[in-house]
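Pasted below: model17.pdb, PDB, C-alpha atoms.
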```pdb
ATOM      1  CA  MET A   4     121.003  87.371  97.486
ATOM      2  CA  LEU A   5     118.315  89.827  96.373
ATOM      3  CA  SER A   6     115.621  87.777  98.103
ATOM      4  CA  ALA A   7     117.656  87.791 101.360
ATOM      5  CA  VAL A   8     117.979  91.590 101.140
ATOM      6  CA  ALA A   9     114.212  91.896 100.526
ATOM      7  CA  VAL A  10     113.371  89.684 103.535
ATOM      8  CA  ALA A  11     115.864  91.514 105.782
ATOM      9  CA  LEU A  12     114.579  94.950 104.757
ATOM     10  CA  MET A  13     110.961  93.866 105.195
ATOM     11  CA  ALA A  14     111.693  92.505 108.679
ATOM     12  CA  LEU A  15     113.553  95.694 109.623
ATOM     13  CA  ALA A  16     110.693  97.810 108.268
ATOM     14  CA  LEU A  17     108.141  95.896 110.365
ATOM     15  CA  VAL A  18     110.287  96.293 113.504
ATOM     16  CA  LEU A  19     110.688 100.039 112.885
ATOM     17  CA  VAL A  20     106.988 100.530 112.099
ATOM     18  CA  PHE A  21     105.575  98.613 115.066
ATOM     19  CA  PHE A  22     108.272  98.920 117.761
ATOM     20  CA  VAL A  23     110.268 102.089 117.072
ATOM     21  CA  ALA A  24     108.083 104.679 115.315
ATOM     22  CA  PRO A  25     105.740 106.419 117.781
ATOM     23  CA  VAL A  26     101.966 106.190 117.512
ATOM     24  CA  ASP A  27     100.608 109.245 115.687
ATOM     25  CA  ALA A  28      98.941 111.720 118.064
ATOM     26  CA  ASP A  29      96.234 112.636 115.536
ATOM     27  CA  GLN A  30      95.308 109.356 113.794
ATOM     28  CA  GLY A  31      96.425 106.853 116.401
ATOM     29  CA  ILE A  32      97.353 103.302 115.443
ATOM     30  CA  THR A  33      95.687 103.494 111.984
ATOM     31  CA  GLN A  34      98.507 105.814 110.854
ATOM     32  CA  LYS A  35     100.711 102.680 110.783
ATOM     33  CA  ILE A  36      99.042 101.831 107.445
ATOM     34  CA  PHE A  37     100.890 104.836 105.998
ATOM     35  CA  TYR A  38     104.254 103.020 106.236
ATOM     36  CA  PHE A  39     103.159 100.392 103.716
ATOM     37  CA  HIS A  40     100.462 102.232 101.770
ATOM     38  CA  VAL A  41     102.611 105.174 100.581
ATOM     39  CA  PRO A  42     105.733 103.091  99.728
ATOM     40  CA  ILE A  43     103.493 100.694  97.749
ATOM     41  CA  ALA A  44     102.003 103.622  95.813
ATOM     42  CA  LEU A  45     105.462 105.102  95.120
ATOM     43  CA  THR A  46     106.700 101.666  94.032
ATOM     44  CA  ALA A  47     103.752 101.373  91.639
ATOM     45  CA  TYR A  48     104.771 104.728  90.116
ATOM     46  CA  ALA A  49     108.380 103.488  89.889
ATOM     47  CA  CYS A  50     107.270 100.299  88.093
ATOM     48  CA  PHE A  51     105.154 102.254  85.604
ATOM     49  CA  GLY A  52     108.079 104.646  85.075
ATOM     50  CA  TRP A  53     110.432 101.694  84.543
ATOM     51  CA  GLY A  54     107.975 100.190  82.060
ATOM     52  CA  ALA A  55     107.830 103.490  80.178
ATOM     53  CA  TRP A  56     111.637 103.711  80.111
ATOM     54  CA  LYS A  57     111.843 100.201  78.629
ATOM     55  CA  ALA A  58     109.111 101.139  76.149
ATOM     56  CA  LEU A  59     111.146 104.164  75.098
ATOM     57  CA  ARG A  60     114.223 101.945  74.670
ATOM     58  CA  LEU A  61     112.149  99.612  72.490
ATOM     59  CA  LEU A  62     110.962 102.442  70.267
ATOM     60  CA  TRP A  63     114.478 103.862  70.124
ATOM     61  CA  THR A  64     116.456 100.687  69.421
ATOM     62  CA  ARG A  65     113.738  98.350  67.991
ATOM     63  CA  ASP A  66     115.251  95.626  70.195
ATOM     64  CA  ASP A  67     112.328  93.313  71.028
ATOM     65  CA  ARG A  68     113.747  92.194  74.409
ATOM     66  CA  TYR A  69     112.590  95.563  75.810
ATOM     67  CA  ASP A  70     108.996  94.626  75.001
ATOM     68  CA  LEU A  71     108.981  91.815  77.561
ATOM     69  CA  GLU A  72     110.791  94.007  80.092
ATOM     70  CA  SER A  73     108.293  96.852  79.638
ATOM     71  CA  TYR A  74     105.325  94.463  79.871
ATOM     72  CA  THR A  75     106.706  92.843  83.058
ATOM     73  CA  ALA A  76     107.306  96.245  84.684
ATOM     74  CA  VAL A  77     103.761  97.386  83.851
ATOM     75  CA  HIS A  78     102.444  94.099  85.251
ATOM     76  CA  GLN A  79     104.337  94.688  88.519
ATOM     77  CA  GLY A  80     103.063  98.270  88.612
ATOM     78  CA  THR A  81      99.493  97.039  88.252
ATOM     79  CA  ILE A  82      99.935  94.586  91.144
ATOM     80  CA  PHE A  83     101.332  97.369  93.341
ATOM     81  CA  GLY A  84      98.608  99.712  92.096
ATOM     82  CA  LEU A  85      95.921  97.250  93.177
ATOM     83  CA  LEU A  86      97.609  96.951  96.585
ATOM     84  CA  THR A  87      97.665 100.763  96.870
ATOM     85  CA  LEU A  88      93.916 100.908  96.235
ATOM     86  CA  LEU A  89      93.193  98.097  98.726
ATOM     87  CA  THR A  90      95.392  99.406 101.554
ATOM     88  CA  GLY A  91      94.193 102.959 100.852
ATOM     89  CA  SER A  92      90.561 101.876 101.086
ATOM     90  CA  ILE A  93      91.198 100.153 104.421
ATOM     91  CA  TRP A  94      92.945 103.280 105.719
ATOM     92  CA  ALA A  95      90.101 105.477 104.429
ATOM     93  CA  LYS A  96      87.533 103.318 106.222
ATOM     94  CA  ALA A  97      89.571 103.484 109.443
ATOM     95  CA  SER A  98      90.173 107.256 109.247
ATOM     96  CA  TRP A  99      87.183 108.722 107.398
ATOM     97  CA  GLY A 100      84.582 105.992 107.971
ATOM     98  CA  ARG A 101      84.199 105.383 104.219
ATOM     99  CA  TRP A 102      85.904 102.911 101.873
ATOM    100  CA  TRP A 103      86.090 105.407  99.021
ATOM    101  CA  VAL A 104      85.589 109.169  98.544
ATOM    102  CA  TRP A 105      84.780 110.136  94.969
ATOM    103  CA  SER A 106      85.360 113.853  95.591
ATOM    104  CA  GLU A 107      89.057 113.237  96.347
ATOM    105  CA  ASP A 108      91.205 114.060  93.285
ATOM    106  CA  GLN A 109      94.137 111.995  94.573
ATOM    107  CA  LEU A 110      92.054 108.823  94.915
ATOM    108  CA  VAL A 111      90.168 109.215  91.639
ATOM    109  CA  LEU A 112      93.317 110.050  89.671
ATOM    110  CA  PHE A 113      95.096 107.011  91.055
ATOM    111  CA  LEU A 114      92.088 104.886  90.088
ATOM    112  CA  VAL A 115      92.215 106.401  86.573
ATOM    113  CA  LEU A 116      95.941 105.584  86.381
ATOM    114  CA  PHE A 117      95.277 102.025  87.549
ATOM    115  CA  LEU A 118      92.433 101.494  85.051
ATOM    116  CA  PHE A 119      94.574 103.001  82.296
ATOM    117  CA  TYR A 120      97.221 100.342  82.916
ATOM    118  CA  CYS A 121      94.554  97.615  83.192
ATOM    119  CA  ALA A 122      93.497  98.625  79.677
ATOM    120  CA  TYR A 123      97.151  98.159  78.604
ATOM    121  CA  PHE A 124      96.678  94.394  79.015
ATOM    122  CA  MET A 125      93.378  94.436  77.117
ATOM    123  CA  LEU A 126      95.091  96.267  74.259
ATOM    124  CA  ARG A 127      98.167  94.038  74.310
ATOM    125  CA  PHE A 128      96.283  90.744  74.286
ATOM    126  CA  SER A 129      93.843  91.884  71.607
ATOM    127  CA  LEU A 130      96.725  92.232  69.109
ATOM    128  CA  GLU A 131      98.694  89.562  67.271
ATOM    129  CA  PRO A 132     102.221  89.085  68.677
ATOM    130  CA  GLY A 133     104.877  90.809  66.603
ATOM    131  CA  PRO A 134     106.564  94.154  66.014
ATOM    132  CA  GLY A 135     103.191  95.933  65.630
ATOM    133  CA  ARG A 136     101.984  94.860  69.061
ATOM    134  CA  GLU A 137     105.356  95.707  70.600
ATOM    135  CA  ARG A 138     105.294  99.265  69.241
ATOM    136  CA  ILE A 139     101.627  99.945  70.121
ATOM    137  CA  SER A 140     102.150  98.594  73.669
ATOM    138  CA  ALA A 141     105.268 100.743  74.038
ATOM    139  CA  VAL A 142     103.473 103.914  72.920
ATOM    140  CA  TYR A 143     100.607 103.150  75.332
ATOM    141  CA  ALA A 144     103.030 102.571  78.244
ATOM    142  CA  LEU A 145     104.693 105.893  77.452
ATOM    143  CA  PHE A 146     101.357 107.751  77.458
ATOM    144  CA  GLY A 147     100.541 106.284  80.869
ATOM    145  CA  VAL A 148     103.628 107.746  82.456
ATOM    146  CA  VAL A 149     102.212 111.236  81.817
ATOM    147  CA  LEU A 150      99.453 110.468  84.337
ATOM    148  CA  ILE A 151     101.976 109.780  87.120
ATOM    149  CA  PRO A 152     103.016 113.394  87.889
ATOM    150  CA  ILE A 153      99.371 114.477  87.590
ATOM    151  CA  SER A 154      98.343 111.797  90.093
ATOM    152  CA  PHE A 155     101.264 112.683  92.374
ATOM    153  CA  LEU A 156     100.627 116.418  92.281
ATOM    154  CA  ALA A 157      96.822 116.208  92.426
ATOM    155  CA  ILE A 158      96.759 116.406  96.190
ATOM    156  CA  ARG A 159      98.916 119.541  96.118
ATOM    157  CA  LEU A 160      96.861 121.177  93.385
ATOM    158  CA  SER A 161      93.556 120.394  95.075
ATOM    159  CA  LYS A 162      92.212 123.116  97.354
ATOM    160  CA  ASN A 163      89.586 121.081  99.163
ATOM    161  CA  PHE A 164      90.831 117.735 100.425
ATOM    162  CA  ILE A 165      90.799 115.380 103.343
ATOM    163  CA  HIS A 166      93.645 113.146 102.131
ATOM    164  CA  PRO A 167      96.637 113.891 104.422
ATOM    165  CA  VAL A 168      99.697 115.723 103.029
ATOM    166  CA  VAL A 169     102.857 114.467 104.677
ATOM    167  CA  PHE A 170     105.573 115.641 102.296
ATOM    168  CA  THR A 171     105.474 119.403 101.853
ATOM    169  CA  ARG A 172     107.943 122.028 100.663
ATOM    170  CA  HIS A 173     109.144 122.259 104.268
ATOM    171  CA  GLY A 174     110.106 118.561 104.310
ATOM    172  CA  PRO A 175     108.394 115.492 105.755
ATOM    173  CA  GLN A 176     105.834 116.353 108.459
ATOM    174  CA  MET A 177     106.800 113.564 110.860
ATOM    175  CA  THR A 178     109.395 112.657 113.462
ATOM    176  CA  HIS A 179     112.831 111.307 112.533
ATOM    177  CA  THR A 180     111.956 107.743 113.596
ATOM    178  CA  MET A 181     108.728 107.882 111.592
ATOM    179  CA  PHE A 182     110.661 109.093 108.556
ATOM    180  CA  ALA A 183     113.293 106.358 109.042
ATOM    181  CA  ALA A 184     110.552 103.717 109.217
ATOM    182  CA  PHE A 185     109.004 105.139 106.062
ATOM    183  CA  CYS A 186     112.343 105.136 104.176
ATOM    184  CA  VAL A 187     113.160 101.549 105.165
ATOM    185  CA  SER A 188     109.623 100.441 104.191
ATOM    186  CA  TRP A 189     110.014 102.127 100.827
ATOM    187  CA  ALA A 190     113.430 100.532 100.279
ATOM    188  CA  ALA A 191     111.913  97.140 101.195
ATOM    189  CA  MET A 192     109.064  97.640  98.715
ATOM    190  CA  LEU A 193     111.438  98.700  95.930
ATOM    191  CA  VAL A 194     113.685  95.674  96.489
ATOM    192  CA  LEU A 195     110.627  93.390  96.666
ATOM    193  CA  ALA A 196     109.265  94.855  93.426
ATOM    194  CA  TYR A 197     112.644  94.481  91.707
ATOM    195  CA  LEU A 198     112.913  90.884  92.905
ATOM    196  CA  MET A 199     109.413  90.119  91.624
ATOM    197  CA  TYR A 200     110.264  91.836  88.331
ATOM    198  CA  ARG A 201     113.443  89.777  87.887
ATOM    199  CA  VAL A 202     111.769  86.456  88.765
ATOM    200  CA  GLU A 203     108.768  87.126  86.524
ATOM    201  CA  LEU A 204     110.975  88.271  83.651
ATOM    202  CA  LEU A 205     113.152  85.178  84.000
ATOM    203  CA  GLY A 206     110.069  82.941  83.934
ATOM    204  CA  LYS A 207     108.724  84.661  80.825
ATOM    205  CA  ARG A 208     112.081  84.407  79.040
ATOM    206  CA  ILE A 209     112.386  80.693  79.833
ATOM    207  CA  ASP A 210     108.795  80.262  78.618
ATOM    208  CA  GLU A 211     109.645  82.008  75.346
ATOM    209  CA  ASN A 212     112.836  79.954  74.851
ATOM    210  CA  LEU A 213     110.957  76.717  75.500
ATOM    211  CA  ARG A 214     108.301  77.684  72.965
ATOM    212  CA  GLU A 215     110.999  78.342  70.353
ATOM    213  CA  LEU A 216     112.728  75.056  71.207
ATOM    214  CA  ARG A 217     109.443  73.157  70.907
ATOM    215  CA  ALA A 218     108.789  74.738  67.494
ATOM    216  CA  THR A 219     112.318  73.845  66.363
ATOM    217  CA  LEU A 220     112.042  70.244  67.562
ATOM    218  CA  SER A 221     108.568  69.832  66.068
ATOM    219  CA  GLY A 222     109.767  71.176  62.730
ATOM    220  CA  ALA A 223     112.956  69.080  62.680
TER
ATOM    221  CA  MET B   6      91.993  94.140 119.619
ATOM    222  CA  SER B   7      90.665  97.662 118.950
ATOM    223  CA  SER B   8      88.908  98.668 115.738
ATOM    224  CA  GLY B   9      92.003 100.628 114.577
ATOM    225  CA  GLU B  10      94.275  97.673 115.206
ATOM    226  CA  LYS B  11      91.974  95.442 113.152
ATOM    227  CA  TYR B  12      92.214  97.823 110.193
ATOM    228  CA  VAL B  13      96.020  97.938 110.486
ATOM    229  CA  ALA B  14      96.157  94.122 110.634
ATOM    230  CA  ALA B  15      93.842  93.927 107.601
ATOM    231  CA  ALA B  16      96.010  96.325 105.549
ATOM    232  CA  TYR B  17      99.220  94.428 106.321
ATOM    233  CA  ALA B  18      97.473  91.073 105.760
ATOM    234  CA  VAL B  19      96.384  92.220 102.266
ATOM    235  CA  VAL B  20     100.039  92.860 101.341
ATOM    236  CA  LEU B  21     101.163  89.539 102.832
ATOM    237  CA  ILE B  22      98.406  87.618 101.015
ATOM    238  CA  ALA B  23      99.287  89.329  97.720
ATOM    239  CA  VAL B  24     102.947  88.316  98.068
ATOM    240  CA  LEU B  25     101.936  84.745  98.960
ATOM    241  CA  VAL B  26      99.545  84.522  95.983
ATOM    242  CA  TRP B  27     102.282  85.835  93.706
ATOM    243  CA  ALA B  28     104.737  83.247  95.120
ATOM    244  CA  ALA B  29     102.159  80.473  94.590
ATOM    245  CA  ILE B  30     101.611  81.558  90.963
ATOM    246  CA  ILE B  31     105.379  81.609  90.331
ATOM    247  CA  ALA B  32     105.735  78.167  91.964
ATOM    248  CA  ALA B  33     102.987  76.791  89.685
ATOM    249  CA  LYS B  34     104.695  78.351  86.677
ATOM    250  CA  LEU B  35     108.042  76.835  87.676
ATOM    251  CA  ALA B  36     106.401  73.410  87.965
ATOM    252  CA  ARG B  37     104.936  73.831  84.467
ATOM    253  CA  LEU B  38     108.301  74.939  83.048
ATOM    254  CA  GLU B  39     109.998  71.948  84.666
ATOM    255  CA  ARG B  40     107.386  69.611  83.112
ATOM    256  CA  GLU B  41     107.761  71.217  79.689
ATOM    257  CA  THR B  42     111.560  71.046  79.897
ATOM    258  CA  ALA B  43     111.358  67.325  80.707
ATOM    259  CA  GLU B  44     108.974  66.764  77.746
ATOM    260  CA  LEU B  45     111.292  68.627  75.376
ATOM    261  CA  SER B  46     114.269  66.766  76.753
ATOM    262  CA  ASP B  47     112.521  63.430  76.027
ATOM    263  CA  LEU B  48     111.594  64.646  72.551
ATOM    264  CA  ALA B  49     115.184  65.705  71.834
ATOM    265  CA  ARG B  50     116.511  62.345  73.104
ATOM    266  CA  THR B  51     114.032  60.479  70.873
ATOM    267  CA  ARG B  52     115.068  62.594  67.894
ATOM    268  CA  ALA B  53     118.739  62.014  68.632
ATOM    269  CA  ALA B  54     118.228  58.253  68.914
ATOM    270  CA  SER B  55     116.036  57.784  65.812
ATOM    271  CA  PRO B  56     118.438  58.670  62.874
ATOM    272  CA  PRO B  57     120.974  55.827  63.545
ATOM    273  CA  SER B  58     118.203  53.237  63.809
ATOM    274  CA  GLU B  59     116.657  54.526  60.578
ATOM    275  CA  ALA B  60     120.086  54.334  58.985
ATOM    276  CA  ARG B  61     120.493  50.750  60.181
ATOM    277  CA  LEU B  62     117.090  49.860  58.726
ATOM    278  CA  ALA B  63     118.123  51.394  55.395
ATOM    279  CA  ASP B  64     121.388  49.398  55.406
ATOM    280  CA  GLY B  65     119.614  46.170  56.254
TER
END
```

Rewritten as structure tokens:
Amino acid sequence: MLSAVAVALMALALVLVFFVAPVDADQGITQKIFYFHVPIALTAYACFGWGAWKALRLLWTRDDRYDLESYTAVHQGTIFGLLTLLTGSIWAKASWGRWWVWSEDQLVLFLVLFLFYCAYFMLRFSLEPGPGRERISAVYALFGVVLIPISFLAIRLSKNFIHPVVFTRHGPQMTHTMFAAFCVSWAAMLVLAYLMYRVELLGKRIDENLRELRATLSGA
Amino acid sequence: MSSGEKYVAAAYAVVLIAVLVWAAIIAAKLARLERETAELSDLARTRAASPPSEARLADG
């Protein structure tokens, strides 16, 4: 059911982006990247936020099932973070003529956020499995979430930028059809991310159960 | 195809490829889980079958 919703939303998003939303007068056809790039970035933030929430639940309740849920959410966030960097670089090359601009706070802060979560895996897999690793991973995932508002607000705090600002205090700076295409794309990305999260979590849980079963059968 | 269109196609292709790679990884994992489940199932069946035969040997 969830996969059907994801496919339907993705198809609707593509129709709205390429056949309904008008071509941007300023950027031309390259602005179409916006409809996937920004929803992917927002979905990455949502995944990291979800991972932090699960980490908080772990620290609060000491229930170890939240460890796997937090880890899976951070993993999804990292995948979407990598996609944000790749699609953003392609858009930067198309719009600014460069793959990357180091002077842009928004780009650099997102890269810092991405690398921070890459280090999460290095930390996690350098520790022995058990309650210690679960708690340290949870604390790390919680620290990472602090970077999200900084990354999100960087473009608004920066005085000298070339990265476009679409959402201002006066609302979205685009037409209604453009905004509709953006919203559907974002909904599609969120459903896709949730689907991926559920499938990956299910796989990891089955893996864990099989390992326990193997140990039980070997010991019997 | 204009230069702008190529960049748009590239950006959307990156997302599509990522989803396909993810699906391929999950498919490989499912195949492994299926194999492991079959192995454990065989092991459990062997374990279940062995005690009566051992008992029969002891009786004999």

- Show which residues sit within 6 Å of A:Cys50, as a PyMOL selection string. Count all atoms listed in the file, and ignore same-chain residues fewer than 3 positions away. chain A and resi 47+53+76+80

- If you measure from atom CA of A:Phe39 to atom CA of A:Lys207, what distance in Å do you get, rounded to one decimal?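 Result for atom CA of A:Phe39 versus atom CA of A:Lys207: 28.3 Å, one decimal.
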
- Item | Atom pair atom CA of A:Tyr38 / atom CA of A:Leu5: separation (Å) |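 Distance reported for this atom pair: 21.7 Å.
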
- Query: How many Å separate atom CA of A:Leu193 from atom CA of A:His40?
  - Reply: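 Computing the Euclidean distance for atom CA of A:Leu193 and atom CA of A:His40 yields 12.9 Å.
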
- Message: Which residues would end up in the selection if the PyMOL selection byres ((chain A) within 8 of (chain B)) were applied here, given that I need the answer as a list in words?
- Response: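 Applying the expression gives Gly31, Ile32, Thr33, Lys35, Ile36, Phe39, Leu86, Leu89, Thr90, Ile93, Trp94, Ala97, Glu203, Gly206, Ile209, Asp210, Leu213, Leu216, Arg217 and Leu220 of chain A.
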
- Non-local contacts of stretch 43-45 of chain A (12 Å; only C-alpha atoms; under 2 positions in same chain excluded) as JSON, numbers by chain: {"A": [36, 37, 38, 39, 40, 41, 47, 48, 49, 50, 51, 52, 79, 80, 81, 82, 83, 84, 85, 86, 87, 88, 89, 90, 91, 109, 110, 113, 114, 116, 117, 151, 152, 154, 155, 185, 186, 188, 189, 190, 191, 192, 193, 194, 195, 196], "B": [16, 17, 19, 20]}

Mind giving me the axis-aligned box for stretch 79-97 of chain A with 6 Å on every side, centre plus edges in Å to one decimal, as AutoDock Vina command-line options?
```
--center_x 95.9 --center_y 100.0 --center_z 98.8 --size_x 28.8 --size_y 22.9 --size_z 33.2
```

- Item | Neighbour residues at most 8 Å from (101.2, 97.9, 74.2) (only C-alpha atoms) as a VMD selection string | chain A and resid 74 123 to 124 126 to 127 136 to 144

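Applied to this file, the PyMOL selection byres ((chain A and resi 58) around 7) selects Gly54, Ala55, Trp56, Lys57, Leu59, Arg60, Leu61, Leu62, Tyr69, Asp70, Ser73, Ala141, Ala144 and Leu145 of chain A.
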
Take the residues from that selection and put them in a file with C-alpha atoms, as a PDB file, keeping the file's coordinate frame.
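Written file, result.pdb:
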```
ATOM      1  CA  GLY A  54     107.975 100.190  82.060  1.00  0.00           C
ATOM      2  CA  ALA A  55     107.830 103.490  80.178  1.00  0.00           C
ATOM      3  CA  TRP A  56     111.637 103.711  80.111  1.00  0.00           C
ATOM      4  CA  LYS A  57     111.843 100.201  78.629  1.00  0.00           C
ATOM      5  CA  LEU A  59     111.146 104.164  75.098  1.00  0.00           C
ATOM      6  CA  ARG A  60     114.223 101.945  74.670  1.00  0.00           C
ATOM      7  CA  LEU A  61     112.149  99.612  72.490  1.00  0.00           C
ATOM      8  CA  LEU A  62     110.962 102.442  70.267  1.00  0.00           C
ATOM      9  CA  TYR A  69     112.590  95.563  75.810  1.00  0.00           C
ATOM     10  CA  ASP A  70     108.996  94.626  75.001  1.00  0.00           C
ATOM     11  CA  SER A  73     108.293  96.852  79.638  1.00  0.00           C
ATOM     12  CA  ALA A 141     105.268 100.743  74.038  1.00  0.00           C
ATOM     13  CA  ALA A 144     103.030 102.571  78.244  1.00  0.00           C
ATOM     14  CA  LEU A 145     104.693 105.893  77.452  1.00  0.00           C
TER      15      LEU A 145
END
```

- Non-local contacts of A:Leu12 (7 Å; all atoms listed in the file; under 4 positions in same chain excluded) as a list in words: Val8, Ala16, Val187 and Ala191 of chain A

- Between A:Leu198, A:Glu131, A:Glu215, A:Ala24, smallest distance to A:Ala7 by only C-alpha atoms belongs to A:Leu198

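What the PyMOL selection byres ((chain A and resi 25) around 12) picks from this file is Val18, Leu19, Val20, Phe21, Phe22, Val23, Ala24, Val26, Asp27, Ala28, Asp29, Gln30, Gly31, Ile32, Thr33, Gln34, Lys35, Met177, Thr178, His179, Thr180, Met181, Phe182, Ala183 and Ala184 of chain A.
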
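Nearest to A:Leu71 of all the residues A:Arg201, A:Arg208, A:Lys96, A:Arg101 is A:Arg208, counting only C-alpha atoms.
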
Atom completion result for stretch 11-18 of chain A (all heavy atoms) as an mmCIF file, in the coordinates of the input:
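Resulting contents of part_2.cif:
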```
data_model
loop_
_atom_site.group_PDB
_atom_site.id
_atom_site.type_symbol
_atom_site.label_atom_id
_atom_site.label_comp_id
_atom_site.auth_asym_id
_atom_site.auth_seq_id
_atom_site.Cartn_x
_atom_site.Cartn_y
_atom_site.Cartn_z
ATOM 1 N N ALA A 11 115.233 90.764 104.684
ATOM 2 C CA ALA A 11 115.864 91.514 105.782
ATOM 3 C C ALA A 11 115.277 92.921 105.890
ATOM 4 O O ALA A 11 114.954 93.385 106.994
ATOM 5 C CB ALA A 11 117.368 91.577 105.555
ATOM 6 N N LEU A 12 115.131 93.584 104.746
ATOM 7 C CA LEU A 12 114.579 94.950 104.757
ATOM 8 C C LEU A 12 113.128 94.955 105.226
ATOM 9 O O LEU A 12 112.704 95.841 105.967
ATOM 10 C CB LEU A 12 114.680 95.566 103.358
ATOM 11 C CG LEU A 12 116.019 96.212 102.994
ATOM 12 C CD1 LEU A 12 116.010 96.636 101.543
ATOM 13 C CD2 LEU A 12 116.314 97.427 103.876
ATOM 14 N N MET A 13 112.379 93.954 104.805
ATOM 15 C CA MET A 13 110.961 93.866 105.195
ATOM 16 C C MET A 13 110.840 93.648 106.709
ATOM 17 O O MET A 13 110.010 94.284 107.367
ATOM 18 C CB MET A 13 110.306 92.730 104.412
ATOM 19 C CG MET A 13 108.810 92.820 104.265
ATOM 20 S SD MET A 13 108.255 94.320 103.469
ATOM 21 C CE MET A 13 108.463 93.884 101.768
ATOM 22 N N ALA A 14 111.708 92.769 107.231
ATOM 23 C CA ALA A 14 111.693 92.505 108.679
ATOM 24 C C ALA A 14 112.082 93.758 109.452
ATOM 25 O O ALA A 14 111.431 94.124 110.448
ATOM 26 C CB ALA A 14 112.650 91.362 109.002
ATOM 27 N N LEU A 15 113.108 94.462 108.964
ATOM 28 C CA LEU A 15 113.553 95.694 109.623
ATOM 29 C C LEU A 15 112.456 96.756 109.570
ATOM 30 O O LEU A 15 112.199 97.459 110.565
ATOM 31 C CB LEU A 15 114.834 96.212 108.931
ATOM 32 C CG LEU A 15 115.438 97.500 109.487
ATOM 33 C CD1 LEU A 15 115.898 97.311 110.931
ATOM 34 C CD2 LEU A 15 116.623 97.960 108.629
ATOM 35 N N ALA A 16 111.783 96.839 108.421
ATOM 36 C CA ALA A 16 110.693 97.810 108.268
ATOM 37 C C ALA A 16 109.578 97.531 109.279
ATOM 38 O O ALA A 16 109.071 98.457 109.928
ATOM 39 C CB ALA A 16 110.146 97.755 106.845
ATOM 40 N N LEU A 17 109.226 96.259 109.427
ATOM 41 C CA LEU A 17 108.141 95.896 110.365
ATOM 42 C C LEU A 17 108.533 96.224 111.813
ATOM 43 O O LEU A 17 107.711 96.721 112.588
ATOM 44 C CB LEU A 17 107.779 94.417 110.218
ATOM 45 C CG LEU A 17 107.023 94.063 108.935
ATOM 46 C CD1 LEU A 17 106.907 92.561 108.776
ATOM 47 C CD2 LEU A 17 105.634 94.691 108.902
ATOM 48 N N VAL A 18 109.805 95.976 112.141
ATOM 49 C CA VAL A 18 110.287 96.293 113.504
ATOM 50 C C VAL A 18 110.216 97.809 113.731
ATOM 51 O O VAL A 18 109.718 98.279 114.765
ATOM 52 C CB VAL A 18 111.741 95.769 113.706
ATOM 53 C CG1 VAL A 18 112.355 96.331 114.981
ATOM 54 C CG2 VAL A 18 111.740 94.245 113.758
#
```
